[in-house]
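Asks: So here's coords-v9.cif, just mmCIF, C-alpha atoms:
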data_query
loop_
_atom_site.label_atom_id
_atom_site.label_comp_id
_atom_site.auth_asym_id
_atom_site.auth_seq_id
_atom_site.Cartn_x
_atom_site.Cartn_y
_atom_site.Cartn_z
CA MET L 1 0.00 0.00 0.00
CA ASN L 2 1.46 3.36 -1.02
CA ARG L 3 1.54 6.15 1.58
CA LEU L 4 0.59 8.96 -0.81
CA ALA L 5 -2.63 9.62 -2.72
CA VAL L 6 -2.50 12.18 -5.54
CA LEU L 7 -5.89 13.84 -5.98
CA ILE L 8 -6.74 15.42 -9.37
CA PRO L 9 -10.19 16.91 -10.12
CA VAL L 10 -10.97 17.37 -13.83
CA TYR L 11 -13.89 18.81 -15.77
CA ASN L 12 -14.11 18.57 -19.57
CA ASP L 13 -10.33 18.61 -20.03
CA PRO L 14 -8.93 15.21 -21.11
CA ARG L 15 -5.91 16.84 -22.80
CA GLY L 16 -5.06 18.76 -19.63
CA LEU L 17 -5.35 15.58 -17.59
CA ALA L 18 -3.03 13.71 -19.95
CA ALA L 19 -0.52 16.59 -19.78
CA CYS L 20 -0.65 16.45 -15.97
CA LEU L 21 -0.28 12.66 -15.70
CA ALA L 22 2.59 12.19 -18.16
CA PRO L 23 5.33 13.89 -16.05
CA LEU L 24 4.45 11.68 -13.07
CA ALA L 25 6.09 8.75 -14.87
CA ALA L 26 9.43 10.28 -13.85
CA ALA L 27 8.44 10.61 -10.18
CA GLY L 28 9.59 7.10 -9.31
CA GLY L 29 6.33 5.60 -8.04
CA GLY L 30 5.27 5.14 -4.43
CA PHE L 31 1.92 6.90 -4.93
CA ASP L 32 -1.61 6.21 -6.12
CA VAL L 33 -3.50 8.60 -8.41
CA LEU L 34 -7.20 9.33 -7.98
CA VAL L 35 -8.88 11.36 -10.73
CA VAL L 36 -12.33 12.77 -9.98
CA ASP L 37 -14.27 13.41 -13.18
CA ASP L 38 -16.58 16.27 -12.19
CA GLY L 39 -19.39 15.35 -14.58
CA SER L 40 -17.44 15.76 -17.85
CA GLU L 41 -19.35 15.33 -21.11
CA PRO L 42 -18.32 13.03 -22.63
CA PRO L 43 -16.96 11.17 -19.60
CA LEU L 44 -13.18 10.89 -19.25
CA ASP L 45 -11.96 7.67 -20.81
CA GLU L 46 -8.80 5.62 -20.31
CA ALA L 47 -7.20 8.07 -17.86
CA GLY L 48 -3.59 7.08 -17.41
CA ALA L 49 -3.52 4.51 -20.20
CA GLY L 50 0.05 3.49 -21.02
CA LEU L 51 1.57 5.02 -17.87
CA PRO L 52 3.71 2.97 -15.44
CA PHE L 53 1.34 3.51 -12.52
CA ALA L 54 -2.33 2.85 -11.89
CA VAL L 55 -4.87 5.66 -12.17
CA ARG L 56 -8.26 5.28 -10.54
CA CYS L 57 -11.02 7.42 -12.03
CA HIS L 58 -14.19 8.25 -10.09
CA ARG L 59 -16.99 9.93 -12.05
CA LEU L 60 -19.58 12.28 -10.56
CA PRO L 61 -22.94 12.09 -12.37
CA ALA L 62 -23.12 15.88 -12.78
CA ASN L 63 -20.80 18.85 -12.55
CA ARG L 64 -20.74 20.05 -8.93
CA GLY L 65 -17.67 22.28 -8.75
CA ILE L 66 -14.13 21.77 -7.51
CA ALA L 67 -14.87 21.73 -3.76
CA ALA L 68 -17.49 18.99 -4.15
CA ALA L 69 -15.21 17.03 -6.50
CA LEU L 70 -12.33 17.22 -4.02
CA ASN L 71 -14.57 16.13 -1.15
CA ALA L 72 -15.78 13.19 -3.23
CA GLY L 73 -12.17 12.21 -3.77
CA LEU L 74 -11.33 12.56 -0.09
CA ALA L 75 -14.26 10.30 0.79
CA LEU L 76 -12.62 7.56 -1.29
CA ILE L 77 -9.17 8.22 0.21
CA ARG L 78 -10.26 8.19 3.86
CA GLY L 79 -10.17 4.93 5.70
CA ARG L 80 -7.23 3.61 3.70
CA ASP L 81 -3.63 3.50 4.84
CA TYR L 82 -2.51 6.74 3.23
CA ALA L 83 -0.47 9.20 5.27
CA TYR L 84 -0.55 12.13 2.83
CA VAL L 85 -2.62 13.66 0.04
CA ALA L 86 -0.98 15.68 -2.74
CA ARG L 87 -2.91 17.95 -5.09
CA LEU L 88 -2.59 18.47 -8.82
CA ASP L 89 -4.74 20.08 -11.49
CA ALA L 90 -5.01 19.58 -15.24
CA TRP L 91 -2.03 20.97 -17.22
CA ASP L 92 0.21 21.13 -14.12
CA ILE L 93 3.80 19.91 -14.59
CA CYS L 94 5.11 18.24 -11.44
CA ALA L 95 8.87 18.08 -10.81
CA PRO L 96 10.06 14.44 -10.49
CA GLU L 97 11.46 15.08 -7.00
CA ARG L 98 8.42 16.91 -5.63
CA PHE L 99 6.60 14.05 -3.91
CA GLY L 100 9.77 12.61 -2.41
CA LEU L 101 10.90 15.97 -0.99
CA GLN L 102 7.50 16.83 0.47
CA MET L 103 6.96 13.39 2.00
CA ALA L 104 10.45 13.46 3.52
CA PHE L 105 9.71 16.89 5.01
CA LEU L 106 6.44 15.76 6.59
CA ASP L 107 8.09 12.57 7.85
CA ARG L 108 10.73 14.68 9.64
CA HIS L 109 8.36 17.38 10.92
CA GLU L 110 5.46 15.69 12.65
CA ARG L 111 3.85 18.97 13.77
CA HIS L 112 3.50 20.19 10.18
CA VAL L 113 0.19 19.50 8.46
CA VAL L 114 0.84 21.11 5.06
CA VAL L 115 3.88 21.70 2.89
CA ALA L 116 3.91 23.33 -0.55
CA SER L 117 6.61 25.00 -2.64
CA ASP L 118 7.50 27.76 -5.04
CA VAL L 119 5.57 27.64 -8.31
CA GLU L 120 6.48 28.88 -11.76
CA PHE L 121 3.57 30.06 -13.87
CA ILE L 122 4.01 29.35 -17.58
CA ASP L 123 2.16 29.94 -20.82
CA ARG L 124 0.85 27.09 -22.99
CA ALA L 125 4.16 26.95 -24.88
CA GLY L 126 5.99 26.39 -21.58
CA ALA L 127 7.61 29.84 -21.46
CA PRO L 128 7.94 31.19 -17.88
CA LEU L 129 5.68 34.09 -16.92
CA TYR L 130 6.51 34.66 -13.25
CA ARG L 131 7.54 32.82 -10.11
CA TYR L 132 5.30 32.68 -7.05
CA ALA L 133 7.61 32.43 -4.03
CA PRO L 134 5.62 32.41 -0.77
CA GLN L 135 7.07 32.56 2.71
CA CYS L 136 8.74 29.37 3.93
CA GLU L 137 8.52 29.38 7.74
CA ASP L 138 5.33 28.96 9.76
CA ALA L 139 5.35 32.36 11.51
CA ALA L 140 5.92 34.23 8.24
CA ILE L 141 3.29 32.08 6.51
CA ARG L 142 0.69 33.07 9.10
CA ARG L 143 1.43 36.76 8.45
CA GLU L 144 1.26 36.23 4.70
CA MET L 145 -2.09 34.48 5.04
CA ARG L 146 -3.54 37.83 6.13
CA TYR L 147 -2.86 39.08 2.60
CA ARG L 148 -3.18 36.07 0.31
CA PRO L 149 -3.00 32.28 0.39
CA SER L 150 0.54 31.31 1.34
CA PHE L 151 0.23 27.91 -0.35
CA ILE L 152 -0.46 27.25 -4.02
CA HIS L 153 -3.15 24.61 -3.83
CA PRO L 154 -1.92 22.15 -6.52
CA ALA L 155 1.63 22.43 -5.11
CA SER L 156 0.52 21.35 -1.64
CA MET L 157 0.83 18.07 0.23
CA LEU L 158 -1.47 17.59 3.22
CA ARG L 159 -1.26 15.29 6.19
CA LEU L 160 -4.37 13.12 5.88
CA ALA L 161 -5.01 12.86 9.65
CA ALA L 162 -5.07 16.66 9.91
CA LEU L 163 -7.26 16.93 6.82
CA GLU L 164 -9.76 14.56 8.40
CA ARG L 165 -9.77 16.68 11.57
CA ALA L 166 -10.23 19.89 9.55
CA GLY L 167 -13.22 18.41 7.76
CA GLY L 168 -12.44 18.78 4.06
CA TYR L 169 -13.29 21.60 1.67
CA SER L 170 -16.06 24.13 2.24
CA GLU L 171 -18.46 24.65 -0.65
CA ALA L 172 -19.46 28.00 0.87
CA CYS L 173 -16.26 29.75 -0.33
CA PRO L 174 -16.36 29.53 -4.15
CA GLY L 175 -12.97 30.32 -5.63
CA ALA L 176 -11.29 30.38 -2.21
CA GLU L 177 -12.04 26.88 -0.88
CA ASP L 178 -8.30 26.19 -0.64
CA TYR L 179 -7.60 29.44 1.26
CA GLU L 180 -10.34 28.59 3.76
CA LEU L 181 -9.05 25.04 4.24
CA PHE L 182 -5.47 26.21 4.77
CA TRP L 183 -6.65 28.50 7.58
CA ARG L 184 -8.33 25.56 9.31
CA LEU L 185 -5.28 23.36 8.84
CA LEU L 186 -3.11 26.03 10.46
CA ASP L 187 -5.44 25.88 13.48
CA ILE L 188 -4.33 22.25 13.85
CA GLY L 189 -0.61 22.37 13.07
CA LEU L 190 2.24 24.09 11.27
CA GLY L 191 2.77 24.93 7.62
CA ALA L 192 5.84 25.28 5.40
CA ASN L 193 6.88 25.99 1.84
CA LEU L 194 9.98 24.51 0.23
CA PRO L 195 12.01 27.23 -1.56
CA ASP L 196 12.25 25.29 -4.81
CA VAL L 197 10.09 25.30 -7.93
CA LEU L 198 8.43 21.89 -7.65
CA LEU L 199 5.46 22.68 -9.88
CA LYS L 200 4.84 24.55 -13.11
CA VAL L 201 1.30 25.83 -13.61
CA TYR L 202 -0.20 26.90 -16.92
CA LEU L 203 -1.75 30.35 -16.70
CA ASN L 204 -3.99 31.85 -19.35
CA PRO L 205 -4.01 35.62 -18.69
CA LEU L 206 -7.39 35.85 -20.46
CA GLY L 207 -8.80 32.71 -18.88
CA ILE L 208 -10.41 34.16 -15.75
CA SER L 209 -13.81 35.76 -16.20
CA GLN L 210 -14.77 38.96 -14.42
CA THR L 211 -17.63 37.10 -12.72
CA ARG L 212 -15.30 34.44 -11.33
CA ARG L 213 -12.72 37.05 -10.29
CA ARG L 214 -15.32 39.04 -8.35
CA GLN L 215 -16.51 35.82 -6.71
CA LEU L 216 -12.95 34.91 -5.67
CA ILE L 217 -12.26 38.37 -4.24
CA ARG L 218 -15.54 38.35 -2.29
CA SER L 219 -14.71 34.95 -0.81
CA ARG L 220 -11.20 36.06 0.10
CA LEU L 221 -12.47 39.24 1.74
CA ARG L 222 -15.06 37.29 3.73
CA LEU L 223 -12.36 34.93 5.01
CA GLN L 224 -10.10 37.82 5.95
CA LEU L 225 -12.95 39.35 7.95
CA ASP L 226 -13.76 36.01 9.60
CA ARG L 227 -10.11 35.64 10.61
CA PHE L 228 -9.61 39.30 11.51
CA GLY L 229 -7.24 40.01 14.39
CA PHE L 230 -7.93 43.44 15.88
CA ALA L 231 -4.44 43.66 17.40
CA ASP L 232 -2.73 42.47 14.20
CA PRO L 233 -1.83 45.27 11.74
CA HIS L 234 -1.48 42.68 8.97
CA SER L 235 -5.24 42.04 9.20
CA TYR L 236 -5.93 45.67 8.30
CA PHE L 237 -3.33 45.81 5.52
CA GLY L 238 -4.55 42.49 4.12
CA ILE L 239 -8.11 43.75 3.76
CA LEU L 240 -6.86 46.99 2.17
CA ARG L 241 -4.86 44.92 -0.32
CA THR L 242 -7.90 42.83 -1.25
CA LEU L 243 -10.06 45.94 -1.68
CA ALA L 244 -7.37 47.44 -3.93
CA LEU L 245 -7.40 44.27 -6.04
CA ALA L 246 -11.18 44.48 -6.28
CA GLY L 247 -10.93 47.93 -7.87
CA MET L 248 -8.06 47.02 -10.19
CA PRO L 249 -8.54 45.63 -13.73
CA TYR L 250 -7.30 42.07 -14.01
CA SER L 251 -4.91 43.03 -16.82
CA LEU L 252 -3.19 45.53 -14.52
CA ALA L 253 -3.03 43.06 -11.60
CA TYR L 254 -1.48 40.47 -13.91
CA ALA L 255 1.07 42.96 -15.27
CA LEU L 256 2.09 43.95 -11.73
CA LYS L 257 2.60 40.30 -10.78
CA ARG L 258 4.91 39.75 -13.72
CA LEU L 259 6.82 42.95 -12.94
CA ALA L 260 7.23 42.12 -9.25
CA ARG L 261 8.02 38.41 -9.68
CA PRO L 262 10.18 37.63 -12.70
CA PRO L 263 10.76 33.90 -13.20
CA ALA L 264 14.30 33.68 -11.80
CA GLN L 265 13.82 36.10 -8.90
CA GLU L 266 13.81 35.02 -5.28
CA GLU L 267 11.54 37.16 -3.12
CA ALA L 268 13.26 39.17 -0.43
CA GLY L 269 12.67 38.49 3.24
CA ARG L 270 11.76 34.83 2.87
#
Turn this file's structure into structure tokens for me.
Replies:
Amino acid sequence: MNRLAVLIPVYNDPRGLAACLAPLAAAGGGFDVLVVDDGSEPPLDEAGAGLPFAVRCHRLPANRGIAAALNAGLALIRGRDYAYVARLDAWDICAPERFGLQMAFLDRHERHVVVASDVEFIDRAGAPLYRYAPQCEDAAIRREMRYRPSFIHPASMLRLAALERAGGYSEACPGAEDYELFWRLLDIGLGANLPDVLLKVYLNPLGISQTRRRQLIRSRLRLQLDRFGFADPHSYFGILRTLALAGMPYSLAYALKRLARPPAQEEAGR
């Protein structure tokens, strides 16, 4: 029995799933893959065919959204002898050493419940756009969480026992279900980010609709208010940052990200 379950939700994107699964052949095994087909039409077929590891595909009868798909996957993972759950999404390119490094970290640090990493965002041709380099240590991560999620969801590995205590993903925070879950996980234990690019994520600058962006910002603001610390200045600055994003065109926000985080740059103060 492998100790790691890799959870991948997919909706109407068989090419993206294939692009995500193929690099895992270089990861050396030691994991099981669970794909949750979130009501794709036509249904996903032959996921993982020809790869040197087994891929289990669970189909939902109708599209229910990513939080529901992830919870359906967790329901199948619970009760088995897994220690950790790693996340991936369609089109993500996982570094061969990612799973081994993250599992080794969690094995050594029993108080940690989540570990993620730096992420490089790329275009469809594979050209780097910018590097997302969150804080690495728990105390700095908790400050950063006042402003933005300090973990990139598909780069994260979660301790299953802590995930079961936290209760899975909330469907009441559309677009920010990962941010909300990370807050609850940090109520249980510690978090960390490895300062290496262990995942490359395809980003379509035109791919986020204004409706979805407004929904995400509303969910983030609601979480920041729910977690507000009156004695913590970062709570105030975090809300101001989110309000500034709400009034900023997406094209400008994207341009500022690329300017502030070129692909090869390490962020200061990590």
Asks: Give me, as a ChimeraX atom specification, all polymer residues having an atom no more than 12 Å from Phe237 in chain L, counting only C-alpha atoms and skipping those fewer than 5 positions away in the same chain.
Replies: /L:143-148,221,224-225,228-230,232,242-244
Asks: Within 10 Å of Glu177 in chain L, counting only C-alpha atoms, which residues show up once you throw out same-chain ones fewer than 6 positions away? Write them as a PyMOL selection string, please.
Replies: chain L and resi 66-67+153+168-171+216+219-220+223
Asks: Could you expand the PyMOL selection byres ((chain L and resi 59) around 8) into the explicit residues it covers here, written as number ranges by chain?
Replies: L: 36-39, 43, 57-58, 60-61
Asks: Quick check on the file I pasted: which residues fall under the PyMOL selection byres ((chain L and resi 122) around 12)? Write them as a PyMOL selection string.
Replies: chain L and resi 91-93+119-121+123-132+199-205+258+262-263
Asks: Which residues fall under the PyMOL selection byres ((chain L and resi 29) around 12) in this file, as a list in words?
Replies: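 In the shown coordinates, the PyMOL selection byres ((chain L and resi 29) around 12) covers Met1, Asn2, Arg3, Leu4, Ala5, Val6, Pro23, Leu24, Ala25, Ala26, Ala27, Gly28, Gly30, Phe31, Asp32, Val33, Leu51, Pro52, Phe53, Ala54, Val55, Pro96, Glu97, Arg98, Phe99 and Gly100 of chain L.
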Asks: Give me, please, the distance in Å between CA of Glu46 in chain L and CA of Gly16 in chain L, quoted to one decimal.
Replies: 13.7 Å
